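Engineer: Please see the structure below; I have some questions.
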Amino acid sequence: MTGEFHTSKLDDILNWARKFSLFQYPFVTACCGMEFMSVAAPKYDIARFGAEFPRFSPRQADLLIIVGTITERQGPALRRIYEQMCEPKWVVAFGVCASTGGFYQNYSTMPGADQVVPVDVYIPGCPPRPEQVLDGLILLQERIQRGEGHNQVAIRVEAAEKDAKKKGRAFEPPLVSIRPLGAAKAESK
Amino acid sequence: MAQIVLDRLAAQFNTGELVGSGTERGDEWARVRRDAWVAVATFLRDDPATKMEMFIDLTSVDRFGSRGPGATAAAVGAEPPRFDVVVHLYSVSLKHRIRLYCGAPEEDAWVDTLVPVWAGADWYEREAYDLYGVRFKGHPDLRRILMYPEFVGHPLRKDYPKEKRQPLVRRQTGMPE
C-alpha cells in the first residue's frame, strides 16, 4: 500500500483480535445456502476459525457473507444492510452467482454483488466446497491482519482527511493499491 | 382422454366462439375467440359434464410472427395475433384436463380477466402482464408482481434486448466505503 499512513503495533493487536472474532451476517438467497450450512455444521466447523456466530441483525455483525444469486431488485436491500453494519466490516461473495452473476445473464440478475457493495474475498464454485470456503476465510483473515479490507482502508483514508483538515493542510487522497492475497502470503514466509 | 370436454364445448359454443380445437399427445386443447373467453371459462367450470374446479396455470406466449395451435390463416387471418394467453384447467372430480388459448394482437394486447371465475388467476395474470405486457381487462389489481415498479418494458417479450439491464442501485466509484 502506498500513501501517508503507518500502522502501529496497536493496529496489529486490534486486527489480530478482529480476524479471530468475526460475527457473520449470512445473506442467503439461493442453493449455496446448503453449502453454507455444511460449513457452519460440525463436520467442517467454521467455529475453528472464530467465525461461528451468525447474527441475524446487521448491527451485530462485521462480516457480510453473500450466499447466492443477487437480483437487481434485491440491490437496494443489500446495500442498506451493508450500510447498517458497524465499522470495520468485511464482505465475502460466496459462490459464482454472488461473485459474477454466475450462469445467469439476463434482465433480472445482478452481475456480481460487487456492483453494490465492496467485496473483499470472492469464493468461486457452484456451489463452492466447504474447504474452499474455509480457504477463503483464511485469506480474509490475512487481509484483515494487514488492514487491507476495503472498509479498513476507507476508515484510514477518512481519518487522514480529517487530520489534514484539522491541521489546515491540503488533503490529497492517497493512491491505494491492495496487494493480491497470494503476494501477501509469499511475503509472510 | 377428455374428448367429452371438447364435445361439450362444441355443442354449447357453435357460432364461431371456438376458433379451433384438437388433441396433442393425449391432451385436448381449444382456441377461444377473445369475446367468448370468460363465457367459455365459466361454462367449463359450471357444466356438470366438465366441472373444471381447479385452475392450474395461466401464462402468455410471445408468438412473434409464428402461428400457435389453431391459429391458422383461415381461422385468424393473414396476420396471427402476437400473444397467446394459455390457461390449463383440471377437474378434480372427473379427472380430466384441458388447455385453452386466446390470441391478443400486439397493438391491442388485452384479454378479459378470469379472476371472477377462479380467484387463483389473480397473481398469474399479474405475472403475464408484468413479463409480457398483456393487459387483463377487469383485473382488480393489475400491478407488476416480479419486476420492480421502476422497470420499463416487459422482459420476456421476444424484442426485449437480451443484454439490457435496469439497475436500481450501483456503487459510486471513487468513494471510500
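By convention in this document, the chains of the C-alpha cells carry letters A, B, ... by their order, each chain's residues are numbered from 1, and ligands are numbered from 1 in the order they are shown.
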Sorted by chain and rising residue number, which residues of chain A lie within 7 Å of chain B, and what are their closest atom pairs and distances in Å to one decimal, counting only C-alpha atoms, as a Markdown table?

Structural biologist:
```
| residue | atom | partner | partner_atom | distance |
| --- | --- | --- | --- | --- |
| A:Glu72 | CA | B:Pro167 | CA | 5.7 |
| A:Arg73 | CA | B:Tyr148 | CA | 6.4 |
| A:Gly75 | CA | B:Val169 | CA | 6.0 |
| A:Pro76 | CA | B:Val169 | CA | 6.0 |
| A:Asn106 | CA | B:Lys162 | CA | 6.4 |
| A:Tyr107 | CA | B:Arg165 | CA | 5.4 |
| A:Gln115 | CA | B:Arg170 | CA | 5.5 |
| A:Val116 | CA | B:Arg171 | CA | 4.6 |
| A:Val117 | CA | B:Arg171 | CA | 6.5 |
| A:His150 | CA | B:Glu177 | CA | 6.9 |
| A:Asn151 | CA | B:Glu177 | CA | 5.5 |
| A:Ala154 | CA | B:Pro176 | CA | 4.6 |
```

Engineer: Just write the chosen residues, C-alpha atoms, as a PDB file, in the first residue's frame.

Structural biologist:
```
ATOM      1  CA  GLU A  72     -31.406  -6.280  -9.324  1.00  0.00           C
ATOM      2  CA  ARG A  73     -34.482  -5.985  -7.170  1.00  0.00           C
ATOM      3  CA  GLY A  75     -29.795  -4.436  -4.734  1.00  0.00           C
ATOM      4  CA  PRO A  76     -31.178  -1.640  -2.531  1.00  0.00           C
ATOM      5  CA  ASN A 106     -30.476 -11.855 -18.039  1.00  0.00           C
ATOM      6  CA  TYR A 107     -32.655  -8.899 -17.203  1.00  0.00           C
ATOM      7  CA  GLN A 115     -21.961  -3.898  -8.172  1.00  0.00           C
ATOM      8  CA  VAL A 116     -23.464  -2.570  -4.942  1.00  0.00           C
ATOM      9  CA  VAL A 117     -21.102  -3.471  -2.055  1.00  0.00           C
ATOM     10  CA  HIS A 150     -11.948  -2.198   1.647  1.00  0.00           C
ATOM     11  CA  ASN A 151     -13.594  -0.731   4.695  1.00  0.00           C
ATOM     12  CA  ALA A 154     -11.710   3.639   3.790  1.00  0.00           C
TER      13      ALA A 154
END
```

Engineer: Let's see if you can do this: from backbone DSSP, list all alpha helix (DSSP H) residues in segment 5-82 of chain A, as a ChimeraX atom specification.

Structural biologist: /A:9-19,32-40,75-82

Engineer: Take the residues just selected and output them with C-alpha atoms as an mmCIF file, in the first residue's frame.

Structural biologist:
```
data_model
loop_
_atom_site.group_PDB
_atom_site.id
_atom_site.type_symbol
_atom_site.label_atom_id
_atom_site.label_comp_id
_atom_site.auth_asym_id
_atom_site.auth_seq_id
_atom_site.Cartn_x
_atom_site.Cartn_y
_atom_site.Cartn_z
ATOM 1 C CA LYS A 9 1.516 -2.258 16.956
ATOM 2 C CA LEU A 10 -1.878 -1.318 18.338
ATOM 3 C CA ASP A 11 -3.425 -1.850 14.897
ATOM 4 C CA ASP A 12 -1.715 -5.211 14.755
ATOM 5 C CA ILE A 13 -3.265 -6.295 18.022
ATOM 6 C CA LEU A 14 -6.711 -4.960 17.100
ATOM 7 C CA ASN A 15 -6.649 -6.649 13.727
ATOM 8 C CA TRP A 16 -5.461 -9.895 15.299
ATOM 9 C CA ALA A 17 -8.473 -9.760 17.604
ATOM 10 C CA ARG A 18 -10.819 -8.875 14.766
ATOM 11 C CA LYS A 19 -9.779 -11.665 12.464
ATOM 12 C CA CYS A 32 -25.347 -22.045 -1.937
ATOM 13 C CA GLY A 33 -27.069 -21.833 1.442
ATOM 14 C CA MET A 34 -26.870 -25.620 1.729
ATOM 15 C CA GLU A 35 -23.112 -25.482 1.422
ATOM 16 C CA PHE A 36 -23.004 -22.616 3.864
ATOM 17 C CA MET A 37 -24.874 -24.768 6.388
ATOM 18 C CA SER A 38 -22.364 -27.516 5.798
ATOM 19 C CA VAL A 39 -19.503 -25.124 6.556
ATOM 20 C CA ALA A 40 -21.213 -23.994 9.723
ATOM 21 C CA GLY A 75 -29.795 -4.436 -4.734
ATOM 22 C CA PRO A 76 -31.178 -1.640 -2.531
ATOM 23 C CA ALA A 77 -31.805 -4.073 0.355
ATOM 24 C CA LEU A 78 -28.281 -5.492 0.145
ATOM 25 C CA ARG A 79 -26.737 -2.030 0.019
ATOM 26 C CA ARG A 80 -28.790 -0.967 3.015
ATOM 27 C CA ILE A 81 -27.767 -3.996 5.065
ATOM 28 C CA TYR A 82 -24.125 -3.238 4.294
#
```

Engineer: Give me the residues near segment 37-46 of chain B as number ranges by chain, where near means some atom within 10 Å (using only C-alpha atoms) and where sequence neighbours in that chain fewer than 2 positions away do not count.

Structural biologist: B: 5, 8-9, 12-13, 17-18, 31-35, 48-55, 87, 89-91, 98, 100-102, 111-118

Engineer: So what do you get for atom CA of Phe56 of chain A versus atom CA of Pro26 of chain A, distance-wise?

Structural biologist: 7.5 Å

Engineer: I want to know what sits within 12 Å of Gln132 of chain A, based on only C-alpha atoms, with residues of the same chain fewer than 3 positions away left out; could you give that as a PDB file with N, CA and C atoms, in the first residue's frame?

Structural biologist:
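The resulting file, part14.pdb, is shown below:
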```pdb
ATOM      1  N   GLU A  35     -24.548 -25.328   1.189  1.00  0.00           N
ATOM      2  CA  GLU A  35     -23.112 -25.482   1.422  1.00  0.00           C
ATOM      3  C   GLU A  35     -22.662 -24.624   2.600  1.00  0.00           C
ATOM      4  N   PHE A  36     -23.320 -23.472   2.724  1.00  0.00           N
ATOM      5  CA  PHE A  36     -23.004 -22.616   3.864  1.00  0.00           C
ATOM      6  C   PHE A  36     -23.342 -23.323   5.174  1.00  0.00           C
ATOM      7  N   VAL A  39     -20.709 -25.753   5.987  1.00  0.00           N
ATOM      8  CA  VAL A  39     -19.503 -25.124   6.556  1.00  0.00           C
ATOM      9  C   VAL A  39     -19.725 -24.815   8.034  1.00  0.00           C
ATOM     10  N   TYR A  44     -17.334 -29.465   9.130  1.00  0.00           N
ATOM     11  CA  TYR A  44     -16.305 -28.523   8.646  1.00  0.00           C
ATOM     12  C   TYR A  44     -16.054 -27.409   9.653  1.00  0.00           C
ATOM     13  N   ILE A  46     -16.867 -23.988  10.971  1.00  0.00           N
ATOM     14  CA  ILE A  46     -16.269 -22.673  10.790  1.00  0.00           C
ATOM     15  C   ILE A  46     -15.888 -22.054  12.142  1.00  0.00           C
ATOM     16  N   PHE A  94     -19.943 -15.481  -1.752  1.00  0.00           N
ATOM     17  CA  PHE A  94     -19.895 -16.944  -1.612  1.00  0.00           C
ATOM     18  C   PHE A  94     -20.522 -17.553  -2.865  1.00  0.00           C
ATOM     19  N   GLY A  95     -19.703 -18.188  -3.720  1.00  0.00           N
ATOM     20  CA  GLY A  95     -20.227 -18.810  -4.938  1.00  0.00           C
ATOM     21  C   GLY A  95     -20.166 -17.875  -6.135  1.00  0.00           C
ATOM     22  N   VAL A 121     -13.370 -10.782  -0.460  1.00  0.00           N
ATOM     23  CA  VAL A 121     -12.918 -12.100  -0.912  1.00  0.00           C
ATOM     24  C   VAL A 121     -14.027 -12.737  -1.753  1.00  0.00           C
ATOM     25  N   TYR A 122     -13.653 -13.228  -2.919  1.00  0.00           N
ATOM     26  CA  TYR A 122     -14.589 -13.942  -3.789  1.00  0.00           C
ATOM     27  C   TYR A 122     -14.288 -15.438  -3.663  1.00  0.00           C
ATOM     28  N   ILE A 123     -15.305 -16.222  -3.399  1.00  0.00           N
ATOM     29  CA  ILE A 123     -15.135 -17.667  -3.342  1.00  0.00           C
ATOM     30  C   ILE A 123     -15.866 -18.264  -4.535  1.00  0.00           C
ATOM     31  N   PRO A 124     -15.141 -18.772  -5.546  1.00  0.00           N
ATOM     32  CA  PRO A 124     -15.817 -19.332  -6.713  1.00  0.00           C
ATOM     33  C   PRO A 124     -16.380 -20.717  -6.414  1.00  0.00           C
ATOM     34  N   GLY A 125     -17.160 -21.242  -7.331  1.00  0.00           N
ATOM     35  CA  GLY A 125     -17.737 -22.571  -7.151  1.00  0.00           C
ATOM     36  C   GLY A 125     -19.237 -22.513  -7.267  1.00  0.00           C
ATOM     37  N   CYS A 126     -19.835 -23.611  -7.701  1.00  0.00           N
ATOM     38  CA  CYS A 126     -21.279 -23.610  -7.948  1.00  0.00           C
ATOM     39  C   CYS A 126     -21.903 -24.895  -7.431  1.00  0.00           C
ATOM     40  N   PRO A 127     -22.072 -25.046  -6.109  1.00  0.00           N
ATOM     41  CA  PRO A 127     -21.561 -24.155  -5.068  1.00  0.00           C
ATOM     42  C   PRO A 127     -20.118 -24.513  -4.702  1.00  0.00           C
ATOM     43  N   PRO A 128     -19.422 -23.628  -3.950  1.00  0.00           N
ATOM     44  CA  PRO A 128     -18.065 -23.968  -3.521  1.00  0.00           C
ATOM     45  C   PRO A 128     -18.060 -25.088  -2.485  1.00  0.00           C
ATOM     46  N   ARG A 129     -17.000 -25.887  -2.509  1.00  0.00           N
ATOM     47  CA  ARG A 129     -16.840 -26.903  -1.468  1.00  0.00           C
ATOM     48  C   ARG A 129     -16.557 -26.212  -0.138  1.00  0.00           C
ATOM     49  N   ASP A 135     -10.834 -21.856   3.062  1.00  0.00           N
ATOM     50  CA  ASP A 135      -9.659 -21.210   2.478  1.00  0.00           C
ATOM     51  C   ASP A 135      -9.928 -19.719   2.272  1.00  0.00           C
ATOM     52  N   GLY A 136     -11.131 -19.409   1.767  1.00  0.00           N
ATOM     53  CA  GLY A 136     -11.492 -18.005   1.578  1.00  0.00           C
ATOM     54  C   GLY A 136     -11.490 -17.253   2.896  1.00  0.00           C
ATOM     55  N   LEU A 137     -11.946 -17.916   3.940  1.00  0.00           N
ATOM     56  CA  LEU A 137     -11.981 -17.267   5.251  1.00  0.00           C
ATOM     57  C   LEU A 137     -10.572 -16.992   5.752  1.00  0.00           C
ATOM     58  N   ILE A 138      -9.667 -17.939   5.513  1.00  0.00           N
ATOM     59  CA  ILE A 138      -8.279 -17.738   5.940  1.00  0.00           C
ATOM     60  C   ILE A 138      -7.649 -16.578   5.169  1.00  0.00           C
ATOM     61  N   LEU A 139      -7.963 -16.497   3.858  1.00  0.00           N
ATOM     62  CA  LEU A 139      -7.464 -15.369   3.063  1.00  0.00           C
ATOM     63  C   LEU A 139      -7.994 -14.047   3.613  1.00  0.00           C
TER      64      LEU A 139
END
```

Engineer: Near segment 83-86 of chain A, within 8 Å and counting only C-alpha atoms, which residues show up once chain neighbours fewer than 3 positions away are dropped, as a list in words?

Structural biologist: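 Surrounding residues, per the criterion: Pro58, Arg59, Gln60, Ala61, Asp62, Arg79, Arg80 and Lys89 of chain A.
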
Engineer: In Å, rounded to a single decimal, give me how far atom CA of Gly112 of chain A is from atom CA of Arg146 of chain A.

Structural biologist: 25.4 Å

Engineer: One decimal, Å: what's the distance from atom CA of Gly68 of chain B over to atom CA of Ser21 of chain B, could you say?

Structural biologist: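 Interatomic distance here is 11.6 Å.
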
Engineer: Identify, on the basis of only C-alpha atoms, every residue whose closest approach to Phe53 of chain A does not exceed 9 Å; exclude the query and any residue fewer than 2 positions from it along the same chain; express the result as a compact mmCIF listing (two decimals) with C-alpha atoms, in the first residue's frame.

Structural biologist:
```
# COMPACT_ATOMS: atom_id res chain seq x y z
CA SER A 21 -13.83 -12.98 16.24
CA LEU A 22 -15.81 -12.42 13.04
CA PHE A 23 -19.54 -12.12 13.59
CA GLN A 24 -21.13 -13.01 10.29
CA TYR A 25 -24.37 -11.89 8.73
CA ALA A 47 -16.10 -22.13 14.56
CA GLY A 50 -13.55 -17.90 15.28
CA ALA A 51 -16.41 -17.14 12.87
CA ARG A 55 -26.07 -12.77 13.73
```

Engineer: List the spatial neighbours of Val76 of chain B as an mmCIF file with C-alpha atoms, in the first residue's frame - criterion: any atom at most 10 Å away, only C-alpha atoms, same-chain residues fewer than 4 positions off excluded.

Structural biologist:
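See result.cif below for the written result:
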```cif
data_model
loop_
_atom_site.group_PDB
_atom_site.id
_atom_site.type_symbol
_atom_site.label_atom_id
_atom_site.label_comp_id
_atom_site.auth_asym_id
_atom_site.auth_seq_id
_atom_site.Cartn_x
_atom_site.Cartn_y
_atom_site.Cartn_z
ATOM 1 C CA VAL B 19 -61.701 -20.992 -33.317
ATOM 2 C CA GLY B 20 -60.072 -24.406 -33.286
ATOM 3 C CA ARG B 33 -62.352 -16.182 -29.599
ATOM 4 C CA ARG B 67 -48.704 -19.359 -35.505
ATOM 5 C CA GLY B 70 -55.347 -23.467 -34.142
ATOM 6 C CA ALA B 71 -54.191 -20.028 -35.311
ATOM 7 C CA THR B 72 -54.444 -20.944 -38.994
ATOM 8 C CA PRO B 80 -51.641 -14.107 -36.493
ATOM 9 C CA PRO B 81 -52.071 -12.483 -33.041
ATOM 10 C CA GLY B 103 -54.992 -14.634 -29.016
#
```

Engineer: Find the residue from B:Ala104, B:Leu94, B:Val86, B:Ala2 that sits nearest to Glu125 of chain B; use only C-alpha atoms when measuring.

Structural biologist: B:Val86

Engineer: Smallest atom-to-atom distance to Tyr124 of chain B: which of B:Ala109, B:Val152, B:Ile145, B:Leu58, using only C-alpha atoms?

Structural biologist: B:Leu58

Engineer: Among segment 11-125 of chain A, which residues does DSSP mark as strand (DSSP E or B) when it is run on the backbone? Keep the chain and numbering as in the structure and answer as an mmCIF file with C-alpha atoms, in the first residue's frame.

Structural biologist:
```cif
data_model
loop_
_atom_site.group_PDB
_atom_site.id
_atom_site.type_symbol
_atom_site.label_atom_id
_atom_site.label_comp_id
_atom_site.auth_asym_id
_atom_site.auth_seq_id
_atom_site.Cartn_x
_atom_site.Cartn_y
_atom_site.Cartn_z
ATOM 1 C CA PHE A 23 -19.542 -12.118 13.592
ATOM 2 C CA GLN A 24 -21.132 -13.007 10.292
ATOM 3 C CA TYR A 25 -24.372 -11.887 8.733
ATOM 4 C CA PRO A 26 -25.379 -14.598 6.244
ATOM 5 C CA PHE A 27 -27.295 -13.011 3.355
ATOM 6 C CA VAL A 28 -28.520 -16.329 1.994
ATOM 7 C CA PHE A 53 -21.631 -16.887 15.338
ATOM 8 C CA PRO A 54 -24.230 -15.926 12.696
ATOM 9 C CA LEU A 63 -18.727 -9.913 8.147
ATOM 10 C CA LEU A 64 -21.374 -9.912 5.420
ATOM 11 C CA ILE A 65 -21.417 -13.264 3.645
ATOM 12 C CA ILE A 66 -23.430 -13.017 0.417
ATOM 13 C CA VAL A 67 -24.549 -16.555 -0.320
ATOM 14 C CA THR A 71 -31.224 -9.906 -8.290
ATOM 15 C CA TRP A 90 -15.889 -7.034 5.530
ATOM 16 C CA VAL A 91 -17.763 -8.717 2.691
ATOM 17 C CA VAL A 92 -17.354 -12.206 1.244
ATOM 18 C CA ALA A 93 -19.050 -13.263 -2.006
ATOM 19 C CA PHE A 94 -19.895 -16.944 -1.612
ATOM 20 C CA THR A 109 -29.812 -10.932 -12.166
ATOM 21 C CA VAL A 121 -12.918 -12.100 -0.912
ATOM 22 C CA TYR A 122 -14.589 -13.942 -3.789
ATOM 23 C CA ILE A 123 -15.135 -17.667 -3.342
#
```
